[in-house]
Amino acid sequence: MAFIEAAGLTKTYTPKGASPVHALDGLDLEVPQSTVTALLGPNGAGKTTTVKVLTTLTQPTAGSARIDGIDVLAHPERIRPIIGVSGQYAAVDENLTGFENLDMVGRLYHLGAAQSRVRAQELITLFDLEEAKNRPVKGFSGGMRRRIDLAGALVTRPKVLFLDEPTTGLDPRSRLGMWDIITGLVSQGTTVLLTTQYLEEADQLADSISVIDDGRVIAEGTSDELKASIGGQRVEITLVDPGDSATTVEVLRRFGNSEPTTAAEGRELTVNASDAPAALQGILAELGSRSIRLFDAGMRRPTLDDVFLRLTGHSATAETSDAVPTKKMKRAAKKEKSRS
């Protein structure tokens with residue numbers, strides 16, 4: 001049995017005078033114990049709403065959810081002690097020091113003064129914040145704020161850790177450091193559910209990935225499986241003369257396993273290939289024999305946008321929110337209703 005289970009989760013907002021907005025639309029999810037599952041999707045897909053339901057912060061319109069066999073909706077008071085949550089924005093008191101923030105969290109969880117201070121120091125050491133522990137958080141960098149926020153989610157040593165886009169806005173070094181910390185926690189038995197827009201993050205951390213769009217899980221699997229589902233590897237050719245496009249398409253068809261696509265007025269061509277290195281060698285040899293000149297040629301794997309464009313028809317960088325509908329969304333809904 002999965003450690004985290006969700007079945008048919010629905011969350012519908014109905015703004016006054018506007019059409020209903022479905023943040024979740026029958027979402028199903030299973031997360032095995034002591035693993036990392038990534039919810040991968042653009043802003044507005046339903047990732048944050050899913051986390052809010054599972055962490056007892058909001059009630060779904062319909063559906064059910066369980067964590068460690070406990071009904072999330074029926075017994076939220078039993079769920080809260082076993083989970084830790086780190087949201088998109090660091091939930092820290094900027095006027096307190098790093099140590100004071102962690103000590104405060106421990107006391108709020110009734111650990112007692114002595115135990116709270118011991119646990120705060122353990123986390124300061126774990127997150128490499130020793131030099132900054134007595135400085136007010138308002139002077140912390142973005143990466144340090146994320147670390148102190150994640151540390152706060154671990155004060156009670158939770159069985160389950162929910163991370164809502166934990167590395168958004170971090171520089172590459174801070175992101176790598178956060179990945180190392182998360183990997184270490186899982187190796188010690190923590191179950192992690194994280195939301196992310198970054199396929200590279202899911203590549204590094206996730207044992208499984210659930211792709212969410214429009215409030216539903218539309219694909220599941222490992223990172224490699226998701227990439228393979230849209231063609232695996234690709235060969236890309238850029239021509240000097242777009243007049244050679246038709247001939248190049250014929251060559252790509254012979255060596256690829258999909259219909260070639262063209263862009264930039266026929267100069268850029270792409271084809272999927274099950275064995276991209278062999279396909280590229282054959283394509284280059286054939287084009288060379290026909291004296292077709294190239295600007296560039298190479299192989300690549302699908303990107304995050306490739307996955308989403310194939311699965312959803314739109315980019316993974318949509319800038320909408322899956323929280324309560326915005327005023328802009330409400331106005332658009334009202335206009336649509338007036339037209340109908």
# chains A, B, ... in the order shown; residues from 1 in each chain; ligands from 1
$ select_by_dssp --residues "segment 184-259 of chain A" --states "strand (DSSP E or B)" --output "CSV table (one decimal) with all heavy atoms, in the first residue's frame"
chain,number,residue,atom,x,y,z
A,191,THR,N,9.8,10.2,3.5
A,191,THR,CA,9.0,10.2,2.3
A,191,THR,C,8.8,11.6,1.8
A,191,THR,O,8.4,12.4,2.6
A,191,THR,CB,7.7,9.5,2.5
A,191,THR,OG1,7.9,8.1,2.9
A,191,THR,CG2,6.9,9.4,1.2
A,192,VAL,N,9.2,11.9,0.6
A,192,VAL,CA,9.1,13.3,0.1
A,192,VAL,C,8.2,13.4,-1.1
A,192,VAL,O,8.3,12.6,-2.0
A,192,VAL,CB,10.6,13.7,-0.3
A,192,VAL,CG1,10.5,15.2,-0.9
A,192,VAL,CG2,11.5,13.8,0.9
A,193,LEU,N,7.3,14.4,-1.0
A,193,LEU,CA,6.5,14.7,-2.2
A,193,LEU,C,6.9,16.2,-2.5
A,193,LEU,O,6.7,17.1,-1.6
A,193,LEU,CB,5.0,14.6,-1.8
A,193,LEU,CG,4.1,15.1,-3.0
A,193,LEU,CD1,4.2,14.1,-4.2
A,193,LEU,CD2,2.6,15.1,-2.5
A,194,LEU,N,7.4,16.4,-3.7
A,194,LEU,CA,7.8,17.8,-4.0
A,194,LEU,C,7.1,18.2,-5.3
A,194,LEU,O,6.8,17.4,-6.2
A,194,LEU,CB,9.3,17.9,-4.1
A,194,LEU,CG,10.1,17.2,-5.3
A,194,LEU,CD1,10.1,18.1,-6.5
A,194,LEU,CD2,11.5,16.8,-4.8
A,195,THR,N,6.9,19.5,-5.4
A,195,THR,CA,6.4,20.0,-6.7
A,195,THR,C,7.5,20.8,-7.3
A,195,THR,O,8.4,21.4,-6.6
A,195,THR,CB,5.2,21.0,-6.4
A,195,THR,OG1,5.7,22.2,-5.8
A,195,THR,CG2,4.2,20.4,-5.5
A,196,THR,N,7.5,20.8,-8.6
A,196,THR,CA,8.6,21.5,-9.3
A,196,THR,C,8.2,21.8,-10.8
A,196,THR,O,7.3,21.1,-11.3
A,196,THR,CB,9.9,20.6,-9.3
A,196,THR,OG1,10.9,21.4,-10.0
A,196,THR,CG2,9.7,19.3,-10.1
A,208,SER,N,9.9,8.7,-8.9
A,208,SER,CA,8.8,8.7,-9.8
A,208,SER,C,8.3,10.1,-10.0
A,208,SER,O,8.5,11.0,-9.1
A,208,SER,CB,7.7,7.8,-9.4
A,208,SER,OG,7.1,8.2,-8.2
A,209,ILE,N,7.7,10.3,-11.1
A,209,ILE,CA,7.2,11.7,-11.5
A,209,ILE,C,5.7,11.5,-11.9
A,209,ILE,O,5.4,10.7,-12.7
A,209,ILE,CB,8.0,12.3,-12.6
A,209,ILE,CG1,9.4,12.4,-12.3
A,209,ILE,CG2,7.4,13.7,-13.0
A,209,ILE,CD1,10.3,12.8,-13.4
A,210,SER,N,4.9,12.4,-11.4
A,210,SER,CA,3.5,12.5,-11.8
A,210,SER,C,3.3,13.9,-12.5
A,210,SER,O,3.5,14.9,-11.9
A,210,SER,CB,2.5,12.4,-10.7
A,210,SER,OG,2.6,11.1,-10.1
A,211,VAL,N,3.0,13.9,-13.8
A,211,VAL,CA,2.8,15.1,-14.6
A,211,VAL,C,1.4,15.6,-14.4
A,211,VAL,O,0.4,14.8,-14.6
A,211,VAL,CB,3.1,14.9,-16.1
A,211,VAL,CG1,2.9,16.2,-16.8
A,211,VAL,CG2,4.5,14.4,-16.2
A,212,ILE,N,1.2,16.8,-13.9
A,212,ILE,CA,-0.1,17.3,-13.6
A,212,ILE,C,-0.4,18.5,-14.6
A,212,ILE,O,0.4,19.3,-14.8
A,212,ILE,CB,-0.2,17.9,-12.2
A,212,ILE,CG1,-0.1,16.7,-11.2
A,212,ILE,CG2,-1.5,18.6,-11.9
A,212,ILE,CD1,-0.2,17.1,-9.7
A,213,ASP,N,-1.6,18.5,-15.1
A,213,ASP,CA,-2.1,19.6,-15.9
A,213,ASP,C,-3.6,19.7,-15.8
A,213,ASP,O,-4.3,18.7,-15.7
A,213,ASP,CB,-1.7,19.4,-17.4
A,213,ASP,CG,-1.9,20.7,-18.2
A,213,ASP,OD1,-1.4,21.7,-17.7
A,213,ASP,OD2,-2.6,20.6,-19.3
A,216,ARG,N,-5.3,17.4,-13.1
A,216,ARG,CA,-5.3,15.9,-13.2
A,216,ARG,C,-3.9,15.4,-13.5
A,216,ARG,O,-3.1,16.1,-14.0
A,216,ARG,CB,-6.2,15.5,-14.4
A,216,ARG,CG,-7.6,15.9,-14.3
A,216,ARG,CD,-8.5,15.3,-15.4
A,216,ARG,NE,-7.9,15.8,-16.7
A,216,ARG,CZ,-8.3,16.9,-17.3
A,216,ARG,NH1,-9.1,17.7,-16.7
A,216,ARG,NH2,-7.8,17.2,-18.5
A,217,VAL,N,-3.6,14.2,-13.1
A,217,VAL,CA,-2.4,13.5,-13.4
A,217,VAL,C,-2.6,13.0,-14.8
A,217,VAL,O,-3.4,12.1,-15.1
A,217,VAL,CB,-2.1,12.4,-12.5
A,217,VAL,CG1,-0.8,11.6,-12.9
A,217,VAL,CG2,-1.8,12.9,-11.1
A,218,ILE,N,-1.8,13.5,-15.8
A,218,ILE,CA,-1.9,13.1,-17.2
A,218,ILE,C,-0.8,12.1,-17.6
A,218,ILE,O,-0.9,11.5,-18.7
A,218,ILE,CB,-1.9,14.3,-18.1
A,218,ILE,CG1,-0.6,15.1,-18.0
A,218,ILE,CG2,-3.1,15.2,-17.8
A,218,ILE,CD1,-0.5,16.2,-19.0
A,219,ALA,N,0.2,11.9,-16.8
A,219,ALA,CA,1.3,10.9,-17.1
A,219,ALA,C,2.1,10.6,-15.9
A,219,ALA,O,2.2,11.5,-15.0
A,219,ALA,CB,2.2,11.5,-18.2
A,220,GLU,N,2.6,9.4,-15.8
A,220,GLU,CA,3.4,9.0,-14.6
A,220,GLU,C,4.5,8.2,-15.1
A,220,GLU,O,4.5,7.5,-16.1
A,220,GLU,CB,2.5,8.2,-13.7
A,220,GLU,CG,1.4,9.0,-13.0
A,220,GLU,CD,0.6,8.1,-12.1
A,220,GLU,OE1,0.0,7.1,-12.6
A,220,GLU,OE2,0.5,8.4,-10.9
A,221,GLY,N,5.6,8.2,-14.3
A,221,GLY,CA,6.8,7.3,-14.7
A,221,GLY,C,8.0,8.0,-14.2
A,221,GLY,O,8.0,9.0,-13.5
A,232,GLY,N,12.2,9.9,-26.8
A,232,GLY,CA,13.5,9.6,-26.3
A,232,GLY,C,14.5,10.6,-26.8
A,232,GLY,O,14.5,11.8,-26.5
A,233,GLN,N,15.4,10.1,-27.7
A,233,GLN,CA,16.5,11.0,-28.2
A,233,GLN,C,16.1,11.6,-29.6
A,233,GLN,O,15.3,11.1,-30.3
A,233,GLN,CB,17.8,10.2,-28.4
A,233,GLN,CG,18.3,9.6,-27.0
A,233,GLN,CD,19.5,8.7,-27.3
A,233,GLN,OE1,19.5,7.8,-28.1
A,233,GLN,NE2,20.6,9.0,-26.5
A,234,ARG,N,16.8,12.7,-29.9
A,234,ARG,CA,16.5,13.4,-31.1
A,234,ARG,C,17.7,13.8,-31.8
A,234,ARG,O,18.8,14.1,-31.2
A,234,ARG,CB,15.6,14.7,-30.8
A,234,ARG,CG,14.3,14.4,-30.2
A,234,ARG,CD,13.5,15.6,-29.9
A,234,ARG,NE,12.2,15.3,-29.3
A,234,ARG,CZ,11.2,16.1,-29.1
A,234,ARG,NH1,11.4,17.4,-29.5
A,234,ARG,NH2,10.1,15.7,-28.6
A,235,VAL,N,17.6,13.8,-33.1
A,235,VAL,CA,18.7,14.4,-34.0
A,235,VAL,C,18.2,15.7,-34.6
A,235,VAL,O,17.1,15.8,-35.1
A,235,VAL,CB,19.1,13.4,-35.1
A,235,VAL,CG1,20.1,14.0,-36.1
A,235,VAL,CG2,19.6,12.1,-34.5
A,236,GLU,N,19.1,16.7,-34.5
A,236,GLU,CA,18.7,18.0,-35.0
A,236,GLU,C,19.7,18.4,-36.0
A,236,GLU,O,20.9,18.3,-35.8
A,236,GLU,CB,18.7,19.0,-33.8
A,236,GLU,CG,17.6,18.8,-32.8
A,236,GLU,CD,17.6,19.8,-31.7
A,236,GLU,OE1,18.6,20.5,-31.5
A,236,GLU,OE2,16.6,20.0,-31.1
A,237,ILE,N,19.2,18.9,-37.1
A,237,ILE,CA,20.0,19.4,-38.3
A,237,ILE,C,19.7,20.8,-38.6
A,237,ILE,O,18.5,21.2,-38.7
A,237,ILE,CB,19.8,18.5,-39.5
A,237,ILE,CG1,20.1,17.0,-39.2
A,237,ILE,CG2,20.6,19.0,-40.7
A,237,ILE,CD1,21.5,16.7,-38.9
A,238,THR,N,20.7,21.7,-38.8
A,238,THR,CA,20.5,23.0,-39.2
A,238,THR,C,21.2,23.2,-40.6
A,238,THR,O,22.4,23.0,-40.7
A,238,THR,CB,21.0,24.1,-38.2
A,238,THR,OG1,20.4,23.8,-37.0
A,238,THR,CG2,20.7,25.5,-38.7
A,239,LEU,N,20.4,23.6,-41.6
A,239,LEU,CA,20.9,23.7,-42.9
A,239,LEU,C,21.5,25.1,-43.3
A,239,LEU,O,21.0,26.1,-42.7
A,239,LEU,CB,19.8,23.3,-43.9
A,239,LEU,CG,19.2,21.9,-43.8
A,239,LEU,CD1,18.0,21.9,-44.8
A,239,LEU,CD2,20.2,20.9,-44.1
$ residues_around --residues "Thr156 of chain A" --least-positions-apart "6" --cutoff "9 Å" --atoms "only C-alpha atoms" --output "ChimeraX atom specification"
/A:81-84,106,109,111,119
$ write_last_selection --atoms "C-alpha atoms" --output "PDB file, in the first residue's frame"
ATOM      1  CA  PRO A  81       2.361  15.719  13.783  1.00  0.00           C
ATOM      2  CA  ILE A  82       3.824  13.365  11.150  1.00  0.00           C
ATOM      3  CA  ILE A  83       4.341  15.842   8.302  1.00  0.00           C
ATOM      4  CA  GLY A  84       6.682  18.728   7.536  1.00  0.00           C
ATOM      5  CA  GLY A 106      10.286  23.516  18.374  1.00  0.00           C
ATOM      6  CA  TYR A 109       5.423  21.877  18.680  1.00  0.00           C
ATOM      7  CA  LEU A 111       9.170  19.991  22.428  1.00  0.00           C
ATOM      8  CA  ARG A 119      17.124  20.301  17.837  1.00  0.00           C
TER       9      ARG A 119
END
$ residues_around --residues "Asn95 of chain A" --least-positions-apart "4" --cutoff "7 Å" --atoms "only C-alpha atoms" --output "PyMOL selection string"
chain A and resi 136-138
$ write_last_selection --atoms "C-alpha atoms" --output "compact mmCIF listing (two decimals), in the first residue's frame"
# COMPACT_ATOMS: atom_id res chain seq x y z
CA PRO A 136 18.66 38.13 11.82
CA VAL A 137 17.09 36.27 8.90
CA LYS A 138 16.35 39.55 7.11
$ residues_around --residues "segment 165-167 of chain A" --least-positions-apart "6" --cutoff "9 Å" --atoms "only C-alpha atoms" --output "list in words"
Thr48, Ser86, Gly87, Gln88, Tyr89, Gly143, Arg146, Leu150, Ser174, Arg175, Met178, Trp179, Leu194, Thr195, Thr196, Gln197, Tyr198 and Glu201 of chain A
$ closest_residue --among "A:Val155, A:Ala90, A:Ala7, A:Ala264" --to "Leu108 of chain A" --atoms "only C-alpha atoms"
A:Val155
